There are 2 protein chains.
Amino acid sequence: MRVNPPTITSSEAPALAPVRFETSPAAYKHWTFEVEGGIARLGMRVSENDGLREGYELKLNSYDLSVDIELADVVQRLRYEHPGVRVLVIESMVPRIFCAGANINMLGGSTHAFKVNFCKFTNETRLYLEAMSAECGIRTVASLNGTCAGGGYELAMACDEIILQDDGNTAVSLPEVPLLAVLPGTGGLTRLVDKRKVRRDLADVFSTVAEGIKGRRAEEWNLVDKVVPSSRFREYVTDRAAELGEGEGPRGRTPTADGVSIEPLAGEYTDEGVTHRHVALTFEGRVGTITVQAPKQGPPADAAAARANPNDLWFWRMARELDDVLLDLRFNRPEVGTLLVKTEGDASQVLAWDAFIAEHEGSDWFVHEMLCAYKRCCKRLDLTARSLFALIEPGSCFSGSLFELTLACDRSYMLDDPDHPIQIELSAMNRGPLPMSNGLTRLQTRFLGSPETLEAALAHEGPWDSRAAEEAGVVTISPDDIDWDDEVRIAIEERASLSPDALTGMEANLRFAGPETLETKIFGRLSAWQNWIFQRPNAVGEQGALTLYGRPERPVFNWSRT
Amino acid sequence: MRVNPPTITSSEAPALAPVRFETSPAAYKHWTFEVEGGIARLGMRVSENDGLREGYELKLNSYDLSVDIELADVVQRLRYEHPGVRVLVIESMVPRIFCAGANINMLGGSTHAFKVNFCKFTNETRLYLEAMSAECGIRTVASLNGTCAGGGYELAMACDEIILQDDGNTAVSLPEVPLLAVLPGTGGLTRLVDKRKVRRDLADVFSTVAEGIKGRRAEEWNLVDKVVPSSRFREYVTDRAAELGEGEGPRGRTPTADGVSIEPLAGEYTDEGVTHRHVALTFEGRVGTITVQAPKQGPPADAAAARANPNDLWFWRMARELDDVLLDLRFNRPEVGTLLVKTEGDASQVLAWDAFIAEHEGSDWFVHEMLCAYKRCCKRLDLTARSLFALIEPGSCFSGSLFELTLACDRSYMLDDPDHPIQIELSAMNRGPLPMSNGLTRLQTRFLGSPETLEAALAHEGPWDSRAAEEAGVVTISPDDIDWDDEVRIAIEERASLSPDALTGMEANLRFAGPETLETKIFGRLSAWQNWIFQRPNAVGEQGALTLYGRPERPVFNWSRT
């Protein structure tokens with residue numbers, strides 16, 4: 001292919017050590033975690049000198065990506081390893097400070113692309129807290145016994161309840177606009193008016209007052225759920241957690257349920273790509289290929305059997321591996337702009353797995369967890385700012401849950417070759433349990449303009465061959481074997497020749513038609529504005545507020561309003 | 001106040017002649033307009049050398065702001081001056097080209113702020129076409145007998161129907177991404193998947209194929225509504241227009257209804273501000289003040305009396321003047337970042353006018369038009385990227401329709417002085433007929449989190465004084481006379497000291513809580529991504545695609561994906 005080699009031509013892409021996203025409690029540097037009865041307590045105690053990169057200190061419980069990677073890990077482990085837990089309390093282990101938000105020096109020294117991807121990952125992690133509450137019934141409480149600023153308050157807003165200590169000092173704040181000339185972009189502005197539904201003029205005042213709001217006014221404005229005097233604070237939080245934790249969780253999440261340990265994936269990471277057991281990432285120039293293997297064998301006999309050897313289960317492992325590969329791509333392969341998605345193996349095994357998941361996810365918490373892991377992974381694919389083309393070729397197995405991958409793609413190409421027939425087939429996984437951020441399934445979003453086509457596709461029994469798939473509208477095009485090579489090659493070459501920025505903006509607008517949700521607002525509207533501001537001289541120029549933060553000089557603004 | 005003087009410190013704000021937005025058919029340079037029976041025909045014939053600025057030629061029916069100012073004017077005049085019209089056909093008077101979109105050399109030579117405000121105005125004008133159809137029942141048909149590219153196709157998509165000539169040559173296209181490395185940002189991507197509901201993978205293909213799609217495929221993909229052979233094209237369009245124009249319009253829009261002529265506002269524009277009869281704009285440093293005067297006398301006796309002397313009617317004139325002032329502010333006063341909104345006069349006259357509008361708008365087309373003019377104006381205020389503070393002082397008249405202005409503001413301050421009592425009062429205008437872009441009223445949006453507060457406010461009879469207004473939540477704060485001066489002064493000074501960019505992003509996120517619509521998606525999501533891309537070196541850098549368009553050099557991209 002005539003696309004450029006992956007040499008680093010970008011001044012924005014300094015050669016940094018790759019970021020790895022797997023971790024485990026034994027390796028945590030920034031969080032304490034303990035479980036007692038149905039209550040888990042997560043303590044933030046950021047280790048100042050253990051950031052991801054050199055050049056900044058994580059003072060005052062400020063965070064960088066390394067802190068968030070651990071947070072994402074602990075949320076996953078809580079879901080799998082502690083099915084008896086009913087409530088998560090997030091608190092600080094540092095006196096008088098809950099969390100000061102994202103580290104400013106880290107942000108100031110980061111490339112634009114890193115800032116954007118860092119914010120996307122932290123946004124996903126905040127949403128995972130909300131998903132855990134919605135999907136597992138694990139309620140989350142932010143216990144604010146110290147100042148909670150910026151990203152710290154954004155973390156608190158991702159919890160179900162916020163309890164604030166009334167000590168005359170502890171405040172919540174979003175000082176990004178007044179101090180840094182950027183936005184509270186990790187969902188902050190959106191959650192303020194769309195989740196907590198703070199009145200817009202009060203939200204306006206709050207978002208411009210650097211010192212924040214404390215005490216009773218914070219409760220009156222609904223910035224927090226409860227303000228409690230210092231003397232009763234710890235007791236109140238404990239009592240409230242116990243109250244929230246009454247009763248059993250859904251799908252067998254009982255106090256006596258045994259957890260499932262998450263073992264390392266042990267993938268191989270090289271300059272040439274990533275190799276996991278079922279998922280691989282390879283490159284040719286600026287074009288990457290993700291290949292997902294079908295299971296070699298069918299699902300376990302029942303849910304109990306699934307839990308007996310969980311880390312070898314195809315469905316769960318595949319979802320975890322794919323998720324890991326997407327993160328590797330986002331952070332470590334900035335120049336790979338076009339991603340081909342392929343599958344290999346026996347589609348009937350995929351469909352057998354789907355039937356197993358569909359049968360047990362309503363009654364068994366662990367099977368439901370596997371489903372949720374794949375749901376998150378598909379959403380991460382939707383939100384990955386790379387052009388996604390599915391190639392449906394002989395030997396592929398794009399049925400059921402793996403068919404969702406083609407639906408997440410910007411386009412799908414299915415070879416029409418009578419000598420090498422290919423089939424795709426829907427399963428229960430395409431009919432509801434894997435919604436996008438907009439709350440619709442990918443098929444619903446695809447056929448927004450044609451409900452009758454959606455109905456026909458859902459009612460179709462058995463597989464489609466290539467021509468039928470194109471006619472049904474479930475793939476973009478099915479070139480014949482004479483046209484295939486040229487058609488696909490030219491499409492990839494053309495895509496790889498276009499401006500990466502224009503494609504990112506275009507895909508962000510075309511992928512999410514239909515209804516809007518908190519999630520789509522955060523990724524589509526708030527993040528887009530933040531990305532804009534992250535480019536503005538008033539923030540990141542030599543005299544910009546983000547650049548000069550912590551230094552004696554005052555920022556100098558260009559006063560022209562846009 | 002200690003805010004900077006309005007000297008031009010910005011390298012982005014060259015001293016250009018101010019833009020004026022009033023025009024009239026006799027002055028049109030770019031459009032022909034004729035009415036025959038119930039059918040109006042608007043012909044695009046852009047005059048190449050009559051652009052707003054020097055330095056570019058408006059070839060191939062490409063447009064700049066001057067073309068759009070005329071389009072906005074003709075849409076207004078159609079509503080008022082031709083109440084018998086049932087259908088508007090938009091066509092080209094230039095052979096083989098419908099419209100080539102926004103002029104690239106104009107865009108390439110514009111400041112970032114101008115590009116953003118130009119796109120916002122063109123977006124508003126496209127939405128006015130849709131509003132005309134929804135509100136007046138005037139159906140719109142894009143008659144494409146020549147190539148229709150970029151902004152040209154975005155204009156077509158704002159019409160109810162698109163008819164495409166099938167001559168083997170005429171295509172519709174969105175070449176922004178492949179040719180210019182920017183987005184189809186005048187609603188294009190949003191209307192593609194959210195209005196026309198083109199399948200997302202087909203939309204992806206379409207938006208990356210510079211030459212576009214023609215013939216039957218354009219109809220199959222729903223890019224157009226009908227493809228008609230050249231030999232039958234003119235006849236088909238005429239017949240279809242006649243078909244769409246059958247029957248009478250709403251609220252007395254009959255073939256014999258007399259129109260209402262729009263006369264010039266004849267405002268005074270100086271470096272110190274704008275003076276209209278009822279609305280004035282003044283400045284002190286970077287802080288502007290809009291003052292709206294209440295009517296000096298009550299409404300006419302009935303709708304017929306209103307039409308007898310329309311250009312002196314307070315409600316309509318005030319709406320037109322306020323709209324004009326907002327456009328002046330956006331384009332001609334870039335450094336005015338904070339806008340104080342004040343009113344003066346007799347609130348009972350405002351409420352009398354509101355009662356008149358409420359009584360007749362359901363039955364009389366012209367009274368309904370006055371209401372719609374104010375609805376558009378309030379939306380334009382919502383979408384104005386300036387910080388808006390309402391100051392409710394003695395002598396003000398912020399009741400009913402004028403109370404909407406405070407609700408559009410980011411904050412409202414109401415003096416609480418027993419010696420100079422102030423009252424505000426709701427009217428029917430606050431209860432439904434003036435929705436925001438999100439489809440809710442401003443009161444509904446304000447009280448999203450507290451339906452009972454909304455109910456109480458709507459059920460409240462008679463006026464509120466200052467304390468009661470603050471308690472009811474309908475104003476932000478009511479400082480007493482001792483605190484007022486300092487409170488307001490400090491608030492304004494603080495606001496004027498913050499980064500204009502951060503404020504623009506913050507306000508765009510806080511103002512529009514709740515549901516999303518085509519409008520909010522266009523202004524919140526698509527525009528934000530476009531603004532981001534308008535800053536990216538891949539588009540606007542020395543080697544960017546927008547910069548180099550039409551020159552022999554090929555753009556050079558930084559391939560890093562964000």
# chains A, B, ... in the order shown; residues from 1 in each chain; ligands from 1
>>> interface_residues(of="chain B", to="chain A", cutoff="6 Å", atoms="only C-alpha atoms", output="MDAnalysis selection string")
chainID B and resid 10 113 177:178 181:182 193:194 197 199:201 334:335 410:411 446 449 498:500 502 505 510 513 524:525 528:529 532 558:562
>>> select_by_dssp(residues="range 263-506 of chain A", states="helix (DSSP H, G or I)", output="VMD selection string")
chain A and resid 303 to 308 310 to 312 314 to 332 347 to 360 365 to 382 400 to 408 428 to 430 442 to 446 451 to 459 466 to 472 484 to 497 500 to 506
>>> closest_atom_pairs(of="range 205-253 of chain A", to="range 344-367 of chain A", cutoff="7 Å", atoms="only C-alpha atoms", output="JSON lines")
{"residue": "A:Arg251", "atom": "CA", "partner": "A:Trp365", "partner_atom": "CA", "distance": 4.7}
{"residue": "A:Gly252", "atom": "CA", "partner": "A:Trp365", "partner_atom": "CA", "distance": 5.8}
{"residue": "A:Arg253", "atom": "CA", "partner": "A:Trp365", "partner_atom": "CA", "distance": 6.3}
>>> residues_around(residues="Ala241 in chain B", least_positions_apart="5", cutoff="10 Å", atoms="only C-alpha atoms", output="ChimeraX atom specification")
/B:38-40,86-89,139-141,161,235-236,246
>>> write_last_selection(atoms="C-alpha atoms", output="CSV table (one decimal), in the first residue's frame")
chain,number,residue,atom,x,y,z
B,38,GLY,CA,-48.4,30.9,-4.3
B,39,ILE,CA,-44.9,30.0,-5.5
B,40,ALA,CA,-41.8,32.1,-4.8
B,86,ARG,CA,-47.0,28.6,0.1
B,87,VAL,CA,-43.7,27.3,-1.5
B,88,LEU,CA,-40.2,28.6,-1.9
B,89,VAL,CA,-38.1,27.1,-4.7
B,139,ARG,CA,-42.5,24.6,2.1
B,140,THR,CA,-39.0,24.8,0.6
B,141,VAL,CA,-37.7,23.0,-2.4
B,161,GLU,CA,-37.2,18.6,-0.4
B,235,GLU,CA,-41.6,20.7,-15.3
B,236,TYR,CA,-41.2,18.3,-12.4
B,246,GLU,CA,-52.1,23.3,-2.5
>>> atom_distance(atom1="CA of Arg554 in chain A", atom2="CA of Val540 in chain A")
13.4 Å
>>> residues_around(residues="Val292 in chain B", least_positions_apart="2", cutoff="6 Å", atoms="only C-alpha atoms", output="PyMOL selection string")
chain B and resi 278-279+343
>>> select_by_dssp(residues="range 171-384 of chain B", states="strand (DSSP E)", output="number ranges by chain")
B: 171-173, 213-214, 226-229, 268-270, 273-275, 279-284, 287-293, 338-344
>>> write_last_selection(atoms="C-alpha atoms", output="short mmCIF file (atom, residue, chain, number, x, y, z; two decimals), in the first residue's frame")
data_model
loop_
_atom_site.label_atom_id
_atom_site.label_comp_id
_atom_site.auth_asym_id
_atom_site.auth_seq_id
_atom_site.Cartn_x
_atom_site.Cartn_y
_atom_site.Cartn_z
CA ALA B 171 -23.85 15.81 -8.17
CA VAL B 172 -24.28 16.66 -4.54
CA SER B 173 -21.12 16.61 -2.44
CA ILE B 213 -22.74 11.32 -5.54
CA LYS B 214 -25.06 11.76 -8.49
CA LYS B 226 -36.01 12.76 -6.09
CA VAL B 227 -33.81 12.38 -9.14
CA VAL B 228 -35.41 13.57 -12.39
CA PRO B 229 -34.08 13.36 -15.96
CA GLU B 268 -27.28 55.04 14.32
CA TYR B 269 -24.00 53.16 14.42
CA THR B 270 -20.92 54.81 15.91
CA GLY B 273 -22.46 51.99 20.12
CA VAL B 274 -25.77 51.56 18.35
CA THR B 275 -28.93 53.57 18.87
CA VAL B 279 -32.88 49.27 21.85
CA ALA B 280 -29.46 50.76 22.46
CA LEU B 281 -25.98 49.32 22.76
CA THR B 282 -23.28 51.24 24.63
CA PHE B 283 -19.82 50.41 25.96
CA GLU B 284 -17.56 51.08 28.85
CA VAL B 287 -18.25 45.79 28.94
CA GLY B 288 -21.28 46.47 26.79
CA THR B 289 -24.80 47.38 27.84
CA ILE B 290 -27.95 46.62 25.92
CA THR B 291 -30.92 48.66 27.07
CA VAL B 292 -34.42 47.80 25.90
CA GLN B 293 -37.17 50.36 26.33
CA THR B 338 -19.40 40.97 28.94
CA LEU B 339 -22.83 42.24 28.11
CA LEU B 340 -25.18 43.82 30.63
CA VAL B 341 -28.84 43.57 29.77
CA LYS B 342 -31.12 46.31 31.08
CA THR B 343 -34.68 47.46 30.50
CA GLU B 344 -36.41 50.76 31.14
#
>>> residues_around(residues="Lys59 in chain B", least_positions_apart="5", cutoff="12 Å", atoms="only C-alpha atoms", output="mmCIF file with N, CA, C and O atoms, in the first residue's frame")
data_model
loop_
_atom_site.group_PDB
_atom_site.id
_atom_site.type_symbol
_atom_site.label_atom_id
_atom_site.label_comp_id
_atom_site.auth_asym_id
_atom_site.auth_seq_id
_atom_site.Cartn_x
_atom_site.Cartn_y
_atom_site.Cartn_z
ATOM 1 N N HIS B 30 -26.863 39.395 -5.190
ATOM 2 C CA HIS B 30 -26.543 37.983 -5.410
ATOM 3 C C HIS B 30 -27.753 37.086 -5.653
ATOM 4 O O HIS B 30 -27.585 35.910 -5.935
ATOM 5 N N ARG B 45 -27.415 33.925 -7.976
ATOM 6 C CA ARG B 45 -26.519 34.348 -9.057
ATOM 7 C C ARG B 45 -25.510 35.289 -8.423
ATOM 8 O O ARG B 45 -25.601 36.509 -8.519
ATOM 9 N N VAL B 46 -24.551 34.667 -7.750
ATOM 10 C CA VAL B 46 -23.623 35.437 -6.927
ATOM 11 C C VAL B 46 -22.748 36.323 -7.811
ATOM 12 O O VAL B 46 -22.156 35.854 -8.784
ATOM 13 N N SER B 47 -22.685 37.578 -7.460
ATOM 14 C CA SER B 47 -21.881 38.543 -8.204
ATOM 15 C C SER B 47 -20.432 38.449 -7.735
ATOM 16 O O SER B 47 -20.114 38.765 -6.583
ATOM 17 N N GLU B 48 -19.563 38.010 -8.637
ATOM 18 C CA GLU B 48 -18.205 37.609 -8.227
ATOM 19 C C GLU B 48 -17.428 38.701 -7.506
ATOM 20 O O GLU B 48 -16.644 38.420 -6.607
ATOM 21 N N ASN B 49 -17.642 39.933 -7.922
ATOM 22 C CA ASN B 49 -16.815 41.010 -7.372
ATOM 23 C C ASN B 49 -17.536 41.855 -6.333
ATOM 24 O O ASN B 49 -17.080 42.938 -5.989
ATOM 25 N N ASP B 50 -18.656 41.360 -5.865
ATOM 26 C CA ASP B 50 -19.414 42.120 -4.871
ATOM 27 C C ASP B 50 -19.404 41.457 -3.502
ATOM 28 O O ASP B 50 -20.387 41.510 -2.767
ATOM 29 N N GLY B 51 -18.300 40.826 -3.188
ATOM 30 C CA GLY B 51 -18.187 40.239 -1.861
ATOM 31 C C GLY B 51 -18.036 41.309 -0.793
ATOM 32 O O GLY B 51 -17.861 42.496 -1.087
ATOM 33 N N ASP B 64 -20.068 34.418 0.436
ATOM 34 C CA ASP B 64 -19.478 34.962 1.652
ATOM 35 C C ASP B 64 -20.615 35.543 2.484
ATOM 36 O O ASP B 64 -21.800 35.305 2.188
ATOM 37 N N VAL B 94 -27.141 30.307 -12.536
ATOM 38 C CA VAL B 94 -25.864 30.112 -13.218
ATOM 39 C C VAL B 94 -25.866 28.694 -13.816
ATOM 40 O O VAL B 94 -26.125 27.735 -13.094
ATOM 41 N N ILE B 97 -24.086 25.017 -12.325
ATOM 42 C CA ILE B 97 -23.633 25.056 -10.929
ATOM 43 C C ILE B 97 -24.782 25.555 -10.066
ATOM 44 O O ILE B 97 -25.402 26.579 -10.376
ATOM 45 N N PHE B 98 -25.120 24.796 -9.050
ATOM 46 C CA PHE B 98 -26.121 25.300 -8.102
ATOM 47 C C PHE B 98 -25.426 26.234 -7.123
ATOM 48 O O PHE B 98 -25.696 27.425 -7.059
ATOM 49 N N CYS B 99 -24.483 25.690 -6.388
ATOM 50 C CA CYS B 99 -23.731 26.519 -5.425
ATOM 51 C C CYS B 99 -22.500 25.736 -5.012
ATOM 52 O O CYS B 99 -22.573 24.558 -4.686
ATOM 53 N N ALA B 100 -21.360 26.416 -5.036
ATOM 54 C CA ALA B 100 -20.093 25.755 -4.693
ATOM 55 C C ALA B 100 -19.753 25.866 -3.211
ATOM 56 O O ALA B 100 -18.689 25.445 -2.793
ATOM 57 N N GLY B 101 -20.667 26.455 -2.428
ATOM 58 C CA GLY B 101 -20.403 26.527 -0.985
ATOM 59 C C GLY B 101 -19.700 27.808 -0.592
ATOM 60 O O GLY B 101 -19.556 28.739 -1.390
ATOM 61 N N ALA B 102 -19.272 27.849 0.643
ATOM 62 C CA ALA B 102 -18.574 29.032 1.141
ATOM 63 C C ALA B 102 -17.289 29.227 0.347
ATOM 64 O O ALA B 102 -16.606 28.268 0.006
ATOM 65 N N ASN B 103 -16.969 30.481 0.060
ATOM 66 C CA ASN B 103 -15.778 30.777 -0.725
ATOM 67 C C ASN B 103 -14.511 30.457 0.067
ATOM 68 O O ASN B 103 -14.325 30.941 1.192
ATOM 69 N N ILE B 104 -13.643 29.651 -0.523
ATOM 70 C CA ILE B 104 -12.487 29.138 0.219
ATOM 71 C C ILE B 104 -11.444 30.223 0.444
ATOM 72 O O ILE B 104 -10.836 30.311 1.510
ATOM 73 N N ASN B 105 -11.235 31.058 -0.538
ATOM 74 C CA ASN B 105 -10.248 32.125 -0.343
ATOM 75 C C ASN B 105 -10.705 33.092 0.740
ATOM 76 O O ASN B 105 -9.886 33.601 1.517
ATOM 77 N N MET B 106 -12.022 33.316 0.782
ATOM 78 C CA MET B 106 -12.558 34.159 1.859
ATOM 79 C C MET B 106 -12.278 33.500 3.211
ATOM 80 O O MET B 106 -11.776 34.142 4.134
#
>>> residues_around(residues="Glu369 in chain B", least_positions_apart="5", cutoff="12 Å", atoms="only C-alpha atoms", output="MDAnalysis selection string")
chainID B and resid 76:81 83 131:132 135:136 250:253 259:260 303 306:307 310 315:317 319:320 357 360:364 374:376 433
>>> atom_distance(atom1="CA of Glu487 in chain A", atom2="CA of Ile422 in chain A")
17.9 Å
>>> atom_distance(atom1="CA of Pro300 in chain B", atom2="CA of Ala428 in chain B")
18.1 Å
>>> decode(residues="range 199-219 of chain B", atoms="N, CA, C and O atoms", output="mmCIF file, in the first residue's frame")
data_model
loop_
_atom_site.group_PDB
_atom_site.id
_atom_site.type_symbol
_atom_site.label_atom_id
_atom_site.label_comp_id
_atom_site.auth_asym_id
_atom_site.auth_seq_id
_atom_site.Cartn_x
_atom_site.Cartn_y
_atom_site.Cartn_z
ATOM 1 N N ARG B 199 -27.755 6.567 6.329
ATOM 2 C CA ARG B 199 -27.053 5.531 7.104
ATOM 3 C C ARG B 199 -25.612 5.964 7.332
ATOM 4 O O ARG B 199 -24.963 6.486 6.422
ATOM 5 N N ARG B 200 -25.112 5.720 8.527
ATOM 6 C CA ARG B 200 -23.845 6.344 8.902
ATOM 7 C C ARG B 200 -22.677 5.896 8.034
ATOM 8 O O ARG B 200 -21.756 6.683 7.787
ATOM 9 N N ASP B 201 -22.679 4.665 7.568
ATOM 10 C CA ASP B 201 -21.549 4.258 6.727
ATOM 11 C C ASP B 201 -21.642 4.888 5.333
ATOM 12 O O ASP B 201 -20.626 5.237 4.733
ATOM 13 N N LEU B 202 -22.862 5.071 4.854
ATOM 14 C CA LEU B 202 -23.016 5.757 3.571
ATOM 15 C C LEU B 202 -22.656 7.238 3.729
ATOM 16 O O LEU B 202 -22.033 7.833 2.848
ATOM 17 N N ALA B 203 -23.041 7.808 4.853
ATOM 18 C CA ALA B 203 -22.663 9.192 5.141
ATOM 19 C C ALA B 203 -21.149 9.335 5.200
ATOM 20 O O ALA B 203 -20.576 10.335 4.756
ATOM 21 N N ASP B 204 -20.492 8.319 5.741
ATOM 22 C CA ASP B 204 -19.031 8.324 5.827
ATOM 23 C C ASP B 204 -18.414 8.304 4.430
ATOM 24 O O ASP B 204 -17.506 9.082 4.118
ATOM 25 N N VAL B 205 -18.913 7.433 3.591
ATOM 26 C CA VAL B 205 -18.406 7.380 2.211
ATOM 27 C C VAL B 205 -18.659 8.717 1.520
ATOM 28 O O VAL B 205 -17.748 9.329 0.946
ATOM 29 N N PHE B 206 -19.896 9.180 1.609
ATOM 30 C CA PHE B 206 -20.272 10.429 0.928
ATOM 31 C C PHE B 206 -19.388 11.593 1.361
ATOM 32 O O PHE B 206 -18.967 12.410 0.532
ATOM 33 N N SER B 207 -19.109 11.681 2.660
ATOM 34 C CA SER B 207 -18.375 12.836 3.188
ATOM 35 C C SER B 207 -16.882 12.781 2.902
ATOM 36 O O SER B 207 -16.153 13.707 3.270
ATOM 37 N N THR B 208 -16.413 11.722 2.296
ATOM 38 C CA THR B 208 -14.986 11.634 1.965
ATOM 39 C C THR B 208 -14.751 11.541 0.467
ATOM 40 O O THR B 208 -13.600 11.472 0.034
ATOM 41 N N VAL B 209 -15.816 11.540 -0.319
ATOM 42 C CA VAL B 209 -15.687 11.471 -1.779
ATOM 43 C C VAL B 209 -15.828 12.884 -2.329
ATOM 44 O O VAL B 209 -16.925 13.433 -2.381
ATOM 45 N N ALA B 210 -14.716 13.461 -2.734
ATOM 46 C CA ALA B 210 -14.734 14.880 -3.118
ATOM 47 C C ALA B 210 -15.707 15.158 -4.255
ATOM 48 O O ALA B 210 -16.364 16.195 -4.278
ATOM 49 N N GLU B 211 -15.818 14.225 -5.195
ATOM 50 C CA GLU B 211 -16.665 14.485 -6.366
ATOM 51 C C GLU B 211 -18.141 14.274 -6.064
ATOM 52 O O GLU B 211 -18.996 14.629 -6.875
ATOM 53 N N GLY B 212 -18.466 13.702 -4.945
ATOM 54 C CA GLY B 212 -19.855 13.578 -4.548
ATOM 55 C C GLY B 212 -20.576 12.406 -5.179
ATOM 56 O O GLY B 212 -19.953 11.498 -5.755
ATOM 57 N N ILE B 213 -21.887 12.425 -5.084
ATOM 58 C CA ILE B 213 -22.739 11.325 -5.541
ATOM 59 C C ILE B 213 -23.794 11.922 -6.470
ATOM 60 O O ILE B 213 -24.361 12.966 -6.164
ATOM 61 N N LYS B 214 -24.068 11.241 -7.562
ATOM 62 C CA LYS B 214 -25.064 11.759 -8.494
ATOM 63 C C LYS B 214 -26.066 10.673 -8.844
ATOM 64 O O LYS B 214 -25.915 9.513 -8.442
ATOM 65 N N GLY B 215 -27.076 11.095 -9.586
ATOM 66 C CA GLY B 215 -28.024 10.156 -10.163
ATOM 67 C C GLY B 215 -28.771 9.323 -9.129
ATOM 68 O O GLY B 215 -28.994 9.737 -7.988
ATOM 69 N N ARG B 216 -29.143 8.135 -9.562
ATOM 70 C CA ARG B 216 -30.018 7.291 -8.751
ATOM 71 C C ARG B 216 -29.454 6.975 -7.369
ATOM 72 O O ARG B 216 -30.173 6.882 -6.388
ATOM 73 N N ARG B 217 -28.126 6.824 -7.296
ATOM 74 C CA ARG B 217 -27.532 6.497 -5.998
ATOM 75 C C ARG B 217 -27.800 7.600 -4.968
ATOM 76 O O ARG B 217 -28.008 7.328 -3.787
ATOM 77 N N ALA B 218 -27.812 8.848 -5.432
ATOM 78 C CA ALA B 218 -28.083 9.958 -4.506
ATOM 79 C C ALA B 218 -29.474 9.815 -3.894
ATOM 80 O O ALA B 218 -29.685 10.128 -2.713
ATOM 81 N N GLU B 219 -30.404 9.323 -4.713
ATOM 82 C CA GLU B 219 -31.756 9.106 -4.179
ATOM 83 C C GLU B 219 -31.795 7.867 -3.290
ATOM 84 O O GLU B 219 -32.405 7.885 -2.220
#
